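Asks: First, the structure itself, so that you have it in front of you.
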Amino acid sequence: MDFTAHTGAIEKKRISCLIAGVYEKNKLTESAELINHLSEGMTLKILKQENFKGQPGDLLLLHQVPGCKADRLLLVGLGKKKDVNAKKYCKALSAAAKKVAESAVKQVLSTLVEVPVETHGTHWKARQTALLFQDACYRFTELKSEPGDLPNLDQVLVHCKSQEEAKSAARGMKEGKAIAEGMRLCKDLANLPGNVCTPGYLAETALKLADEYSKLKVQILEETDMEKLGMGALLAVSKGSRQPAKLIVLEYKGGKAKDQPVALVGKGLTFDAGGISLKPSQAMDEMKYDMCGGASVLGTLKTIAQLDLPLNVVGVVPSSENLPDGDAIKPGDIVKTMAGKTVEILNTDAEGRLILCDALTYTERFNPKTVIDIATLTGACVVALGKHATGLFANDDSLAQALLEAGEASLDRAWRMPLWEEYQEQLKSNFADMPNIGDRNAGAITAACFLARFTENFHWAHLDIAGTAWHSGANKGATGRPVPLLSEYLISQVET
Ligand code: BES
Ligand code: MN
Ligand code: ZN
């Protein structure tokens, strides 16, 4: 899809669809006012006739409006003028984008950059426009024999009042498109079933990414390499699987050689049946998404490589399946981690922390400035925060703050949870250095506490995306989160 800044008279542009905003009580934005004037009041008359409420996301599609060269005029509700915030603005944009994606429209000209939104300028508004239009056109049809009706949209023009505004809009759209493409990769991988998207498939995807971008280097560690490194926890999870585990290591070198990298470590469990501690069969298919952490790492690296960010970033994705088998690990088994600590596996379904602890220890060799792990780690996090916020844990306050802010700015929000010493007491084993689970209470926190024991040597944050990485129900599918949050964070690291 092509995104371009547009300057010039909107009414003179031959285009399949012009988009203009309308506030509550039919108060018109500047562009809507202009079209209303040229149509000799017809636009406002129809809005009244249709009883248009003008709430964020309300839509009214008109055809062949007199005085305007566009085939269609899509009017979008924005709510009260003084109340338009980032969320309402994106709700309106997203509704417009979905409507367009379901129609025959091939090109749109959006005038919504003229709408004041809190402290956000043209750059942010243009970025969200590109991101939301590209994302609204996402379809996962790879495995259907008939793809059905696909979106026709191939060009989005963003109307700007000056060359200067057009310049910031172009920069914003480039970012928005790159973030949406990272989200697309993340969603495609997550939506693919476990029989296609195996650890080997994730590794292949990483190899292809490195082919595509010259600043990306990839290395795939095999089980024999893991044995040499002493990754007993990662290997323990993979024991019950016939698919060999992989440890994917991607290095993006956009910064100076001496710049310490940011490390992103993503859980890449391509199917989690629970192992011998087998999960109930209800909705078990959804456990194909248990690699969303890893997929978001690959997606974010694609985004930053496309943007050519002047940063060094390392992506580490431990990938395995978790299945029951005669060879699988059993409750009570004790394994030795790469860090040398022993773990009593009381529940084989708490496997994410096992593959992550070895990947986190491995990450130390890159001397990272910060390490962020991303994982669909606990059902308890979904109980605590639902599907809206990602659970954020950190051993460093300024890192936590920066991630919270990146979540706000990208509307891909996280909420901080405690990592107090008191919770560590729930992790005690009679037979090994620690168990892999705590008691019934505070499951998301004790999982993070487990990881914290392997991250004492660096600034670290953990994102539990069990609730935010996918939609269940009729809309079942991956969300692409937290690619927007991670991309925003990395972009902010360049600016500071
Ligand atoms: N992948 C799951 C966590 C999960 C659950 C993600 C639901 C998304 C939705 C993880 O491996 C797991 O099974 N965790 C257990 C931990 C428990 C055994 C301590 C859980 O949350 O039930
Ligand atoms: Mn599990
Ligand atoms: Zn899992």
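Labeling convention for the structure tokens: chains A, B, ... as they appear, residues from 1 per chain, ligands from 1 in order of appearance.
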List all protein, DNA and RNA residues that have any atom at most 7 Å from ligand 1, counting only C-alpha atoms and all ligand atoms, and write the list as a list of chain:residue names.

Replies: A:Asp272, A:Gly274, A:Met287, A:Asp290, A:Asn347, A:Asp349, A:Ala350, A:Glu351, A:Gly352, A:Thr376, A:Leu377, A:Thr378, A:Gly379, A:Ala380, A:Ile437, A:Gly443, A:Ala466, A:Gly467

Asks: Could you list the protein, DNA and RNA residues that have any atom within 12 Å of ligand 3, counting only C-alpha atoms and all ligand atoms, and write them as a ChimeraX atom specification?

Replies: /A:237,266-275,277-279,284,286-293,319-323,347-356,375-379,447,464-466

Asks: Near segment 72-79 of chain A, counting only C-alpha atoms, which residues have an atom at most 6 Å away, once you skip same-chain residues fewer than 4 positions from it, shown as a VMD selection string?

Replies: chain A and resid 17 to 24 54 to 64

Asks: Can I get the selection written as an mmCIF file, in the first residue's frame, with N, CA and C atoms?

Replies:
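Resulting contents of out-v1.cif:
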```
data_model
loop_
_atom_site.group_PDB
_atom_site.id
_atom_site.type_symbol
_atom_site.label_atom_id
_atom_site.label_comp_id
_atom_site.auth_asym_id
_atom_site.auth_seq_id
_atom_site.Cartn_x
_atom_site.Cartn_y
_atom_site.Cartn_z
ATOM 1 N N CYS A 17 -12.485 8.069 -2.673
ATOM 2 C CA CYS A 17 -13.148 8.409 -1.407
ATOM 3 C C CYS A 17 -12.414 9.522 -0.664
ATOM 4 N N LEU A 18 -13.179 10.534 -0.279
ATOM 5 C CA LEU A 18 -12.649 11.621 0.540
ATOM 6 C C LEU A 18 -13.179 11.411 1.957
ATOM 7 N N ILE A 19 -12.300 11.582 2.954
ATOM 8 C CA ILE A 19 -12.727 11.379 4.344
ATOM 9 C C ILE A 19 -12.664 12.700 5.107
ATOM 10 N N ALA A 20 -13.764 13.048 5.770
ATOM 11 C CA ALA A 20 -13.776 14.290 6.547
ATOM 12 C C ALA A 20 -14.471 14.055 7.885
ATOM 13 N N GLY A 21 -14.065 14.809 8.882
ATOM 14 C CA GLY A 21 -14.573 14.617 10.241
ATOM 15 C C GLY A 21 -15.762 15.514 10.569
ATOM 16 N N VAL A 22 -16.623 15.005 11.449
ATOM 17 C CA VAL A 22 -17.773 15.765 11.949
ATOM 18 C C VAL A 22 -17.824 15.588 13.466
ATOM 19 N N TYR A 23 -17.862 16.729 14.189
ATOM 20 C CA TYR A 23 -17.962 16.638 15.644
ATOM 21 C C TYR A 23 -19.415 16.390 16.045
ATOM 22 N N GLU A 24 -19.582 16.221 17.360
ATOM 23 C CA GLU A 24 -20.931 16.051 17.908
ATOM 24 C C GLU A 24 -21.824 17.225 17.507
ATOM 25 N N GLY A 54 -22.483 11.785 15.489
ATOM 26 C CA GLY A 54 -21.121 12.336 15.534
ATOM 27 C C GLY A 54 -20.274 11.807 16.672
ATOM 28 N N GLN A 55 -20.618 10.602 17.144
ATOM 29 C CA GLN A 55 -19.772 9.990 18.188
ATOM 30 C C GLN A 55 -18.548 9.340 17.524
ATOM 31 N N PRO A 56 -17.430 9.230 18.268
ATOM 32 C CA PRO A 56 -16.213 8.672 17.650
ATOM 33 C C PRO A 56 -16.506 7.315 17.014
ATOM 34 N N GLY A 57 -16.262 7.208 15.732
ATOM 35 C CA GLY A 57 -16.485 5.942 15.039
ATOM 36 C C GLY A 57 -17.788 5.888 14.253
ATOM 37 N N ASP A 58 -18.721 6.839 14.511
ATOM 38 C CA ASP A 58 -19.949 6.875 13.690
ATOM 39 C C ASP A 58 -19.552 7.225 12.255
ATOM 40 N N LEU A 59 -20.253 6.630 11.295
ATOM 41 C CA LEU A 59 -19.893 6.843 9.890
ATOM 42 C C LEU A 59 -21.115 7.159 9.054
ATOM 43 N N LEU A 60 -20.922 7.979 8.035
ATOM 44 C CA LEU A 60 -21.972 8.202 7.039
ATOM 45 C C LEU A 60 -21.301 8.326 5.677
ATOM 46 N N LEU A 61 -21.716 7.451 4.764
ATOM 47 C CA LEU A 61 -21.096 7.433 3.436
ATOM 48 C C LEU A 61 -22.035 8.074 2.416
ATOM 49 N N LEU A 62 -21.536 9.116 1.748
ATOM 50 C CA LEU A 62 -22.331 9.790 0.717
ATOM 51 C C LEU A 62 -21.670 9.590 -0.640
ATOM 52 N N HIS A 63 -22.490 9.600 -1.687
ATOM 53 C CA HIS A 63 -21.946 9.417 -3.037
ATOM 54 C C HIS A 63 -22.172 10.674 -3.870
ATOM 55 N N GLN A 64 -21.245 10.950 -4.754
ATOM 56 C CA GLN A 64 -21.396 12.021 -5.753
ATOM 57 C C GLN A 64 -21.894 13.323 -5.137
#
```

Asks: I'd like the neighbourhood of Ala305 of chain A as a PyMOL selection string, where a residue qualifies if any of its atoms comes within 10 Å (using only C-alpha atoms), though same-chain residues fewer than 4 positions away should be ignored.

Replies: chain A and resi 178+182+209-210+212-216+252-254+299-301+309-311+313

Asks: Save out the residues we just selected, N, CA, C and O atoms, as a JSON list (two decimals), in the first residue's frame.

Replies:
```
[["chain", "number", "residue", "atom", "x", "y", "z"],
["A", 178, "ALA", "N", 5.73, 0.87, 8.47],
["A", 178, "ALA", "CA", 6.72, -0.10, 8.94],
["A", 178, "ALA", "C", 6.21, -0.85, 10.18],
["A", 178, "ALA", "O", 6.40, -2.06, 10.31],
["A", 182, "GLY", "N", 5.46, -4.90, 10.50],
["A", 182, "GLY", "CA", 5.95, -5.74, 11.59],
["A", 182, "GLY", "C", 4.79, -6.48, 12.25],
["A", 182, "GLY", "O", 4.90, -7.67, 12.57],
["A", 209, "LEU", "N", 14.28, -13.03, 6.88],
["A", 209, "LEU", "CA", 14.36, -11.63, 7.30],
["A", 209, "LEU", "C", 15.78, -11.11, 7.14],
["A", 209, "LEU", "O", 16.00, -10.00, 6.65],
["A", 210, "ALA", "N", 16.74, -11.95, 7.54],
["A", 210, "ALA", "CA", 18.14, -11.53, 7.47],
["A", 210, "ALA", "C", 18.60, -11.40, 6.01],
["A", 210, "ALA", "O", 19.49, -10.60, 5.70],
["A", 212, "GLU", "N", 16.66, -10.29, 3.69],
["A", 212, "GLU", "CA", 15.98, -9.11, 3.18],
["A", 212, "GLU", "C", 16.67, -7.81, 3.62],
["A", 212, "GLU", "O", 16.64, -6.83, 2.90],
["A", 213, "TYR", "N", 17.23, -7.80, 4.83],
["A", 213, "TYR", "CA", 17.82, -6.57, 5.36],
["A", 213, "TYR", "C", 19.30, -6.78, 5.67],
["A", 213, "TYR", "O", 19.66, -7.66, 6.46],
["A", 214, "SER", "N", 20.15, -5.93, 5.07],
["A", 214, "SER", "CA", 21.59, -6.16, 5.18],
["A", 214, "SER", "C", 22.12, -5.93, 6.60],
["A", 214, "SER", "O", 23.13, -6.49, 6.98],
["A", 215, "LYS", "N", 21.41, -5.13, 7.40],
["A", 215, "LYS", "CA", 21.90, -4.88, 8.76],
["A", 215, "LYS", "C", 21.48, -5.96, 9.76],
["A", 215, "LYS", "O", 21.76, -5.86, 10.94],
["A", 216, "LEU", "N", 20.76, -6.97, 9.26],
["A", 216, "LEU", "CA", 20.32, -8.06, 10.13],
["A", 216, "LEU", "C", 21.16, -9.31, 9.89],
["A", 216, "LEU", "O", 21.30, -9.75, 8.75],
["A", 252, "TYR", "N", 20.59, -6.93, 14.87],
["A", 252, "TYR", "CA", 20.41, -5.78, 13.99],
["A", 252, "TYR", "C", 21.47, -4.75, 14.37],
["A", 252, "TYR", "O", 21.51, -4.28, 15.51],
["A", 253, "LYS", "N", 22.34, -4.42, 13.41],
["A", 253, "LYS", "CA", 23.42, -3.48, 13.71],
["A", 253, "LYS", "C", 23.21, -2.19, 12.93],
["A", 253, "LYS", "O", 23.72, -2.00, 11.84],
["A", 254, "GLY", "N", 22.42, -1.30, 13.53],
["A", 254, "GLY", "CA", 22.17, -0.01, 12.89],
["A", 254, "GLY", "C", 22.94, 1.09, 13.59],
["A", 254, "GLY", "O", 23.08, 2.20, 13.08],
["A", 299, "GLY", "N", 8.72, -9.48, 14.29],
["A", 299, "GLY", "CA", 7.97, -8.36, 13.71],
["A", 299, "GLY", "C", 8.64, -7.02, 14.01],
["A", 299, "GLY", "O", 8.79, -6.17, 13.12],
["A", 300, "THR", "N", 9.05, -6.83, 15.26],
["A", 300, "THR", "CA", 9.67, -5.55, 15.64],
["A", 300, "THR", "C", 11.01, -5.36, 14.93],
["A", 300, "THR", "O", 11.34, -4.25, 14.50],
["A", 301, "LEU", "N", 11.75, -6.45, 14.77],
["A", 301, "LEU", "CA", 13.03, -6.32, 14.06],
["A", 301, "LEU", "C", 12.79, -5.96, 12.60],
["A", 301, "LEU", "O", 13.55, -5.19, 12.01],
["A", 309, "LEU", "N", 16.71, 2.20, 11.69],
["A", 309, "LEU", "CA", 16.99, 2.93, 12.93],
["A", 309, "LEU", "C", 18.46, 2.82, 13.31],
["A", 309, "LEU", "O", 19.05, 1.74, 13.23],
["A", 310, "PRO", "N", 19.07, 3.93, 13.74],
["A", 310, "PRO", "CA", 20.47, 3.91, 14.16],
["A", 310, "PRO", "C", 20.64, 3.37, 15.58],
["A", 310, "PRO", "O", 20.97, 4.11, 16.51],
["A", 311, "LEU", "N", 20.38, 2.08, 15.75],
["A", 311, "LEU", "CA", 20.44, 1.43, 17.06],
["A", 311, "LEU", "C", 20.99, 0.03, 16.87],
["A", 311, "LEU", "O", 20.88, -0.52, 15.78],
["A", 313, "VAL", "N", 20.20, -3.74, 18.10],
["A", 313, "VAL", "CA", 19.15, -4.53, 18.77],
["A", 313, "VAL", "C", 19.43, -6.01, 18.53],
["A", 313, "VAL", "O", 19.78, -6.41, 17.42]]
```

Asks: What's the separation between atom CA of Asp211 of chain A and atom CA of Gly255 of chain A, in Å to one decimal place?

Replies: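 Value for the atom CA of Asp211 of chain A-atom CA of Gly255 of chain A distance: 19.2 Å.
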
Asks: Would you mind listing what lies within 12 Å of Cys357 of chain A as a ChimeraX atom specification, with only C-alpha atoms counted and same-chain residues fewer than 2 positions away left out?

Replies: /A:230-235,237,265-267,316-318,336-343,351-355,359-364,373,375,436,447-456,462

Asks: Quick check, in Å to one decimal: how far apart do atom CA of Ile35 of chain A and atom CA of Lys53 of chain A lie?

Replies: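 Calculated distance between atom CA of Ile35 of chain A and atom CA of Lys53 of chain A is 19.0 Å.
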
Asks: Measure the distance from atom CA of Tyr489 of chain A to atom CA of Ala406 of chain A in Å and round it to one decimal.

Replies: 5.2 Å

Asks: Might you pull out every residue within 6 Å of segment 99-111 of chain A, with only C-alpha atoms counted and same-chain residues fewer than 3 positions away left off, and present them as a PDB file with N, CA and C atoms, in the first residue's frame?

Replies:
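This is the output file out-v2.pdb:
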```
ATOM      1  N   SER A  16     -11.361   7.995  -5.211  1.00  0.00           N
ATOM      2  CA  SER A  16     -12.577   7.205  -4.965  1.00  0.00           C
ATOM      3  C   SER A  16     -13.253   7.557  -3.647  1.00  0.00           C
ATOM      4  N   CYS A  17     -12.485   8.069  -2.673  1.00  0.00           N
ATOM      5  CA  CYS A  17     -13.148   8.409  -1.407  1.00  0.00           C
ATOM      6  C   CYS A  17     -12.414   9.522  -0.664  1.00  0.00           C
ATOM      7  N   LEU A  18     -13.179  10.534  -0.279  1.00  0.00           N
ATOM      8  CA  LEU A  18     -12.649  11.621   0.540  1.00  0.00           C
ATOM      9  C   LEU A  18     -13.179  11.411   1.957  1.00  0.00           C
ATOM     10  N   ILE A  19     -12.300  11.582   2.954  1.00  0.00           N
ATOM     11  CA  ILE A  19     -12.727  11.379   4.344  1.00  0.00           C
ATOM     12  C   ILE A  19     -12.664  12.700   5.107  1.00  0.00           C
ATOM     13  N   ALA A  20     -13.764  13.048   5.770  1.00  0.00           N
ATOM     14  CA  ALA A  20     -13.776  14.290   6.547  1.00  0.00           C
ATOM     15  C   ALA A  20     -14.471  14.055   7.885  1.00  0.00           C
ATOM     16  N   ALA A  96     -13.241   4.256  10.101  1.00  0.00           N
ATOM     17  CA  ALA A  96     -13.194   4.675   8.694  1.00  0.00           C
ATOM     18  C   ALA A  96     -12.376   3.679   7.875  1.00  0.00           C
ATOM     19  N   CYS A 137      -6.600  -3.559   6.515  1.00  0.00           N
ATOM     20  CA  CYS A 137      -6.619  -4.369   5.292  1.00  0.00           C
ATOM     21  C   CYS A 137      -5.973  -5.734   5.502  1.00  0.00           C
ATOM     22  N   PRO A 151      -9.643  -6.602   0.446  1.00  0.00           N
ATOM     23  CA  PRO A 151      -9.693  -5.146   0.335  1.00  0.00           C
ATOM     24  C   PRO A 151      -9.081  -4.676  -0.993  1.00  0.00           C
ATOM     25  N   ASN A 152      -9.651  -3.616  -1.539  1.00  0.00           N
ATOM     26  CA  ASN A 152      -9.144  -3.074  -2.807  1.00  0.00           C
ATOM     27  C   ASN A 152      -8.213  -1.888  -2.604  1.00  0.00           C
ATOM     28  N   LEU A 153      -8.182  -1.390  -1.394  1.00  0.00           N
ATOM     29  CA  LEU A 153      -7.437  -0.158  -1.117  1.00  0.00           C
ATOM     30  C   LEU A 153      -5.953  -0.318  -1.442  1.00  0.00           C
ATOM     31  N   ASP A 154      -5.396   0.616  -2.244  1.00  0.00           N
ATOM     32  CA  ASP A 154      -3.952   0.547  -2.466  1.00  0.00           C
ATOM     33  C   ASP A 154      -3.250   1.888  -2.301  1.00  0.00           C
ATOM     34  N   GLN A 155      -4.012   2.950  -2.060  1.00  0.00           N
ATOM     35  CA  GLN A 155      -3.339   4.224  -1.839  1.00  0.00           C
ATOM     36  C   GLN A 155      -4.071   5.073  -0.797  1.00  0.00           C
ATOM     37  N   VAL A 156      -3.303   5.622   0.126  1.00  0.00           N
ATOM     38  CA  VAL A 156      -3.861   6.523   1.129  1.00  0.00           C
ATOM     39  C   VAL A 156      -3.137   7.862   1.016  1.00  0.00           C
ATOM     40  N   LEU A 157      -3.910   8.907   0.772  1.00  0.00           N
ATOM     41  CA  LEU A 157      -3.334  10.251   0.726  1.00  0.00           C
ATOM     42  C   LEU A 157      -3.736  10.974   1.997  1.00  0.00           C
ATOM     43  N   VAL A 158      -2.786  11.666   2.592  1.00  0.00           N
ATOM     44  CA  VAL A 158      -3.084  12.425   3.799  1.00  0.00           C
ATOM     45  C   VAL A 158      -2.976  13.906   3.460  1.00  0.00           C
ATOM     46  N   HIS A 159      -4.080  14.606   3.644  1.00  0.00           N
ATOM     47  CA  HIS A 159      -4.100  16.016   3.257  1.00  0.00           C
ATOM     48  C   HIS A 159      -3.345  16.883   4.269  1.00  0.00           C
TER      49      HIS A 159
END
```

Asks: Using the chain letters and numbers from this document, which residues of segment 85-217 of chain A does DSSP assign to helix (DSSP H, G or I), as a PyMOL selection string?

Replies: chain A and resi 86-101+112-114+122-136+163-191+199-212

Asks: In terms of the shortest atom-to-atom distance over only C-alpha atoms, which of A:Ala70, A:Val371, A:Glu30, A:Met183 is closest to Glu114 of chain A?

Replies: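 For Glu114 of chain A, the nearest of the candidates is A:Glu30.
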
Asks: Write out as a ChimeraX atom specification the residues lying within 10 Å of Arg242 of chain A, counting only C-alpha atoms and excluding same-chain residues fewer than 2 positions away.

Replies: /A:238-240,244-245,320-321,323,325,327

Asks: Pull N, CA and C atoms from the residues just selected and write them as an mmCIF file, in the first residue's frame.

Replies:
```cif
data_model
loop_
_atom_site.group_PDB
_atom_site.id
_atom_site.type_symbol
_atom_site.label_atom_id
_atom_site.label_comp_id
_atom_site.auth_asym_id
_atom_site.auth_seq_id
_atom_site.Cartn_x
_atom_site.Cartn_y
_atom_site.Cartn_z
ATOM 1 N N SER A 238 11.647 -29.309 25.351
ATOM 2 C CA SER A 238 11.607 -29.849 23.995
ATOM 3 C C SER A 238 11.659 -31.383 23.948
ATOM 4 N N LYS A 239 11.974 -32.004 25.087
ATOM 5 C CA LYS A 239 12.196 -33.461 25.088
ATOM 6 C C LYS A 239 11.012 -34.270 24.575
ATOM 7 N N GLY A 240 9.803 -33.819 24.880
ATOM 8 C CA GLY A 240 8.613 -34.560 24.469
ATOM 9 C C GLY A 240 8.191 -34.291 23.037
ATOM 10 N N PRO A 244 12.659 -30.533 16.458
ATOM 11 C CA PRO A 244 13.802 -30.039 17.214
ATOM 12 C C PRO A 244 13.632 -28.580 17.648
ATOM 13 N N ALA A 245 14.063 -28.293 18.864
ATOM 14 C CA ALA A 245 14.018 -26.912 19.353
ATOM 15 C C ALA A 245 15.042 -26.076 18.599
ATOM 16 N N SER A 320 10.188 -23.971 20.792
ATOM 17 C CA SER A 320 9.982 -25.392 21.048
ATOM 18 C C SER A 320 8.490 -25.682 21.043
ATOM 19 N N GLU A 321 8.135 -26.967 21.101
ATOM 20 C CA GLU A 321 6.756 -27.359 21.365
ATOM 21 C C GLU A 321 6.712 -27.894 22.799
ATOM 22 N N LEU A 323 4.697 -30.895 24.493
ATOM 23 C CA LEU A 323 3.753 -31.990 24.244
ATOM 24 C C LEU A 323 3.961 -33.145 25.225
ATOM 25 N N ASP A 325 4.521 -37.055 26.002
ATOM 26 C CA ASP A 325 5.216 -38.115 25.249
ATOM 27 C C ASP A 325 5.910 -39.014 26.270
ATOM 28 N N ASP A 327 8.819 -39.650 26.318
ATOM 29 C CA ASP A 327 10.128 -39.054 26.558
ATOM 30 C C ASP A 327 10.034 -37.677 27.225
#
```

Asks: With only C-alpha atoms and all ligand atoms as the atoms that count, which of A:Gly194, A:Pro280, A:Gly386, A:Pro435 lies nearest to ligand 2?

Replies: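 Between A:Gly194, A:Pro280, A:Gly386, A:Pro435, the residue approaching ligand 2 most closely is A:Pro280.
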
Asks: Rank nothing, just name the residue among A:Lys45, A:Lys25, A:Lys330, A:Arg440 nearest to Ala236 of chain A, using only C-alpha atoms.

Replies: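 Closest residue, counting only C-alpha atoms: A:Lys330.
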
Asks: Between A:Trp415, A:Lys144, A:Pro324, A:Arg139, single out the one closest to ligand 2, counting only C-alpha atoms and all ligand atoms.

Replies: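 Smallest distance to ligand 2 is found for A:Pro324.
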